[in-house]
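Participant: Structure file my_file-v1.pdb (PDB, C-alpha atoms, pLDDT in the B column) right here:
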```pdb
ATOM      1  CA  MET A  58     112.114 102.035 124.646  1.00 48.00           C
ATOM      2  CA  ASN A  59     113.553 105.443 123.851  1.00 45.00           C
ATOM      3  CA  ARG A  60     117.044 103.978 123.665  1.00 50.00           C
ATOM      4  CA  LYS A  61     119.781 105.868 121.843  1.00 53.00           C
ATOM      5  CA  ARG A  62     120.918 103.981 118.753  1.00 61.00           C
ATOM      6  CA  GLU A  63     124.517 104.021 117.666  1.00 74.00           C
ATOM      7  CA  ASP A  64     123.539 103.103 114.090  1.00 87.00           C
ATOM      8  CA  GLY A  65     121.524 106.165 113.144  1.00 93.00           C
ATOM      9  CA  LYS A  66     117.953 107.237 113.684  1.00 93.00           C
ATOM     10  CA  LEU A  67     114.765 107.227 111.700  1.00 97.00           C
ATOM     11  CA  VAL A  68     114.175 110.625 110.090  1.00 97.00           C
ATOM     12  CA  ARG A  69     111.413 112.174 108.031  1.00 96.00           C
ATOM     13  CA  ASP A  70     111.528 111.428 104.296  1.00 97.00           C
ATOM     14  CA  ARG A  71     112.719 114.876 103.187  1.00 97.00           C
ATOM     15  CA  ILE A  72     115.567 115.199 105.705  1.00 97.00           C
ATOM     16  CA  PRO A  73     118.263 113.858 103.319  1.00 97.00           C
ATOM     17  CA  GLN A  74     117.178 116.396 100.674  1.00 97.00           C
ATOM     18  CA  ILE A  75     117.218 119.201 103.240  1.00 97.00           C
ATOM     19  CA  ILE A  76     120.723 118.169 104.327  1.00 97.00           C
ATOM     20  CA  ARG A  77     121.889 118.179 100.690  1.00 97.00           C
ATOM     21  CA  GLU A  78     120.391 121.633 100.184  1.00 98.00           C
ATOM     22  CA  GLY A  79     122.449 122.729 103.184  1.00 98.00           C
ATOM     23  CA  GLY A  80     125.633 121.618 101.420  1.00 98.00           C
ATOM     24  CA  ALA A  81     126.325 118.279 103.152  1.00 97.00           C
ATOM     25  CA  GLU A  82     125.943 114.724 101.879  1.00 97.00           C
ATOM     26  CA  PRO A  83     123.871 112.517 104.188  1.00 97.00           C
ATOM     27  CA  VAL A  84     124.720 108.860 104.743  1.00 96.00           C
ATOM     28  CA  THR A  85     121.494 106.868 104.823  1.00 97.00           C
ATOM     29  CA  TYR A  86     119.999 103.441 104.234  1.00 96.00           C
ATOM     30  CA  VAL A  87     116.464 102.058 104.019  1.00 97.00           C
ATOM     31  CA  ALA A  88     115.445 100.066 107.081  1.00 97.00           C
ATOM     32  CA  SER A  89     114.148  96.523 106.782  1.00 97.00           C
ATOM     33  CA  PRO A  90     110.480  96.072 107.756  1.00 97.00           C
ATOM     34  CA  GLU A  91     111.440  94.747 111.209  1.00 97.00           C
ATOM     35  CA  ASP A  92     114.006  97.494 111.792  1.00 97.00           C
ATOM     36  CA  TYR A  93     111.514 100.112 110.576  1.00 98.00           C
ATOM     37  CA  ARG A  94     108.852  99.029 113.078  1.00 97.00           C
ATOM     38  CA  SER A  95     111.393  98.993 115.896  1.00 97.00           C
ATOM     39  CA  ARG A  96     112.682 102.428 114.929  1.00 97.00           C
ATOM     40  CA  LEU A  97     109.139 103.809 114.696  1.00 98.00           C
ATOM     41  CA  ARG A  98     108.509 102.642 118.259  1.00 97.00           C
ATOM     42  CA  ASP A  99     111.730 104.333 119.352  1.00 97.00           C
ATOM     43  CA  LYS A 100     110.728 107.479 117.457  1.00 97.00           C
ATOM     44  CA  LEU A 101     107.354 107.498 119.213  1.00 98.00           C
ATOM     45  CA  GLY A 102     109.127 107.478 122.575  1.00 97.00           C
ATOM     46  CA  GLU A 103     111.433 110.267 121.406  1.00 97.00           C
ATOM     47  CA  GLU A 104     108.564 112.425 120.163  1.00 98.00           C
ATOM     48  CA  VAL A 105     106.479 111.842 123.301  1.00 98.00           C
ATOM     49  CA  ALA A 106     109.477 112.849 125.446  1.00 98.00           C
ATOM     50  CA  GLU A 107     109.870 116.048 123.389  1.00 98.00           C
ATOM     51  CA  PHE A 108     106.154 116.798 123.823  1.00 98.00           C
ATOM     52  CA  LEU A 109     106.375 116.267 127.581  1.00 98.00           C
ATOM     53  CA  GLU A 110     109.298 118.690 127.814  1.00 98.00           C
ATOM     54  CA  ALA A 111     107.708 121.345 125.582  1.00 98.00           C
ATOM     55  CA  ASP A 112     106.128 124.537 126.879  1.00 98.00           C
ATOM     56  CA  ASP A 113     102.561 125.396 125.868  1.00 98.00           C
ATOM     57  CA  ALA A 114     103.713 127.402 122.842  1.00 98.00           C
ATOM     58  CA  LYS A 115     105.794 124.526 121.402  1.00 98.00           C
ATOM     59  CA  ALA A 116     103.493 121.677 122.532  1.00 98.00           C
ATOM     60  CA  PRO A 117     101.144 121.675 119.487  1.00 98.00           C
ATOM     61  CA  GLU A 118     104.088 121.247 117.096  1.00 98.00           C
ATOM     62  CA  GLU A 119     105.496 118.417 119.202  1.00 98.00           C
ATOM     63  CA  LEU A 120     102.060 116.808 119.433  1.00 98.00           C
ATOM     64  CA  ALA A 121     101.819 116.935 115.628  1.00 98.00           C
ATOM     65  CA  ASP A 122     105.139 115.045 115.496  1.00 98.00           C
ATOM     66  CA  VAL A 123     103.665 112.389 117.819  1.00 98.00           C
ATOM     67  CA  LEU A 124     100.644 112.116 115.534  1.00 97.00           C
ATOM     68  CA  GLU A 125     102.876 111.721 112.459  1.00 97.00           C
ATOM     69  CA  VAL A 126     104.620 108.762 114.084  1.00 98.00           C
ATOM     70  CA  VAL A 127     101.291 107.283 115.233  1.00 98.00           C
ATOM     71  CA  HIS A 128     100.028 107.437 111.647  1.00 97.00           C
ATOM     72  CA  ALA A 129     103.217 105.769 110.376  1.00 98.00           C
ATOM     73  CA  LEU A 130     102.913 103.005 112.988  1.00 98.00           C
ATOM     74  CA  ALA A 131      99.269 102.457 112.101  1.00 98.00           C
ATOM     75  CA  ALA A 132     100.107 102.269 108.387  1.00 97.00           C
ATOM     76  CA  ASP A 133     102.889  99.788 109.150  1.00 97.00           C
ATOM     77  CA  LEU A 134     100.292  97.656 110.953  1.00 97.00           C
ATOM     78  CA  GLY A 135      97.984  97.898 107.931  1.00 97.00           C
ATOM     79  CA  VAL A 136      95.601 100.355 109.595  1.00 98.00           C
ATOM     80  CA  GLY A 137      94.702 103.505 107.688  1.00 96.00           C
ATOM     81  CA  ALA A 138      94.056 106.861 109.333  1.00 95.00           C
ATOM     82  CA  GLY A 139      90.294 106.478 108.836  1.00 96.00           C
ATOM     83  CA  GLN A 140      90.259 103.024 110.374  1.00 97.00           C
ATOM     84  CA  LEU A 141      92.386 104.237 113.290  1.00 97.00           C
ATOM     85  CA  GLU A 142      89.902 107.056 113.883  1.00 96.00           C
ATOM     86  CA  LYS A 143      87.007 104.574 113.833  1.00 97.00           C
ATOM     87  CA  ILE A 144      88.807 102.450 116.452  1.00 97.00           C
ATOM     88  CA  ARG A 145      89.374 105.556 118.563  1.00 97.00           C
ATOM     89  CA  GLU A 146      85.722 106.594 118.214  1.00 97.00           C
ATOM     90  CA  ALA A 147      84.502 103.115 119.177  1.00 98.00           C
ATOM     91  CA  LYS A 148      86.677 103.099 122.300  1.00 97.00           C
ATOM     92  CA  ALA A 149      85.519 106.599 123.185  1.00 97.00           C
ATOM     93  CA  GLY A 150      81.892 105.548 122.713  1.00 97.00           C
ATOM     94  CA  GLU A 151      82.378 102.526 124.936  1.00 98.00           C
ATOM     95  CA  ARG A 152      84.633 103.965 127.630  1.00 97.00           C
ATOM     96  CA  GLY A 153      84.493 107.708 127.081  1.00 97.00           C
ATOM     97  CA  GLY A 154      87.230 110.197 126.302  1.00 96.00           C
ATOM     98  CA  PHE A 155      89.134 112.502 128.610  1.00 95.00           C
ATOM     99  CA  ALA A 156      87.143 115.736 128.264  1.00 96.00           C
ATOM    100  CA  ASP A 157      85.617 115.493 131.752  1.00 96.00           C
ATOM    101  CA  ARG A 158      89.101 115.512 133.381  1.00 96.00           C
ATOM    102  CA  ILE A 159      88.188 112.656 135.759  1.00 96.00           C
ATOM    103  CA  VAL A 160      90.996 111.401 138.015  1.00 96.00           C
ATOM    104  CA  TRP A 161      90.491 107.973 139.605  1.00 96.00           C
ATOM    105  CA  THR A 162      92.122 107.386 142.987  1.00 95.00           C
ATOM    106  CA  GLY A 163      90.935 103.850 143.686  1.00 96.00           C
ATOM    107  CA  ASN A 164      87.858 102.049 145.031  1.00 97.00           C
ATOM    108  CA  ARG A 165      86.235 101.935 148.493  1.00 96.00           C
TER     109      ARG A 165
END
```
Please re-express this file's structure in structure tokens.

Facilitator:
Amino acid sequence: MNRKREDGKLVRDRIPQIIREGGAEPVTYVASPEDYRSRLRDKLGEEVAEFLEADDAKAPEELADVLEVVHALAADLGVGAGQLEKIREAKAGERGGFADRIVWTGNR
């Protein structure tokens, strides 16, 4: 994933308005459903990369961007935020979370 597209990139909904307010005229189009899903996956890779490069002060903002894309991907799959949280909770109940900081190095 995380490939650079020559034909534009998915941006947040208000970005064209913000560009106009800055005095420029953005060139945009609305992605097809298939293109949208593909671009969301690319955006997730982009946002994760930005989070991984961020220092501790900037990391929460970058993590919020990751979460925004995760919510958009879930919605595109027909899964609401509440349902996604229930899935996460069920997995955590079954397999645990990451709070204990356990690192597995293999079996004996």

Participant: Choose the residue, out of A:Leu67, A:Ala132, A:Leu120, A:Ala114, that has the smallest atom-to-atom separation from Ser89 in chain A; count all atoms listed in the file.

Facilitator: A:Leu67

Participant: Name the closest residue to Lys100 in chain A among the candidates A:Asp122, A:Glu63, A:Glu146, A:Glu82; distances are taken between atoms, counting all atoms listed in the file.

Facilitator: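 The shortest atom-to-atom distance to Lys100 in chain A comes from A:Asp122.
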
Participant: Measure the distance from CA of Leu141 in chain A to CA of Val127 in chain A in Å and round it to one decimal.

Facilitator: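 CA of Val127 in chain A lies 9.6 Å from CA of Leu141 in chain A.
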
Participant: When the PyMOL selection byres ((chain A and resi 96) around 10) is applied to the structure above, which residues does it catch, written out as a PyMOL selection string?

Facilitator: chain A and resi 58-60+62+65-68+88+90-95+97-102+130

Participant: Selected residues, C-alpha atoms, written as a compact mmCIF listing (two decimals), in the frame of the given file, please.

Facilitator:
```
# COMPACT_ATOMS: atom_id res chain seq x y z
CA MET A 58 112.11 102.04 124.65
CA ASN A 59 113.55 105.44 123.85
CA ARG A 60 117.04 103.98 123.66
CA ARG A 62 120.92 103.98 118.75
CA GLY A 65 121.52 106.16 113.14
CA LYS A 66 117.95 107.24 113.68
CA LEU A 67 114.76 107.23 111.70
CA VAL A 68 114.18 110.62 110.09
CA ALA A 88 115.44 100.07 107.08
CA PRO A 90 110.48 96.07 107.76
CA GLU A 91 111.44 94.75 111.21
CA ASP A 92 114.01 97.49 111.79
CA TYR A 93 111.51 100.11 110.58
CA ARG A 94 108.85 99.03 113.08
CA SER A 95 111.39 98.99 115.90
CA LEU A 97 109.14 103.81 114.70
CA ARG A 98 108.51 102.64 118.26
CA ASP A 99 111.73 104.33 119.35
CA LYS A 100 110.73 107.48 117.46
CA LEU A 101 107.35 107.50 119.21
CA GLY A 102 109.13 107.48 122.58
CA LEU A 130 102.91 103.00 112.99
```

Participant: When distances are computed from all atoms listed in the file, which of A:Asp157, A:Asp64, A:Glu78, A:Glu104 shows the smallest separation from Ala121 in chain A?

Facilitator: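 For Ala121 in chain A, the nearest of the given residues is A:Glu104.
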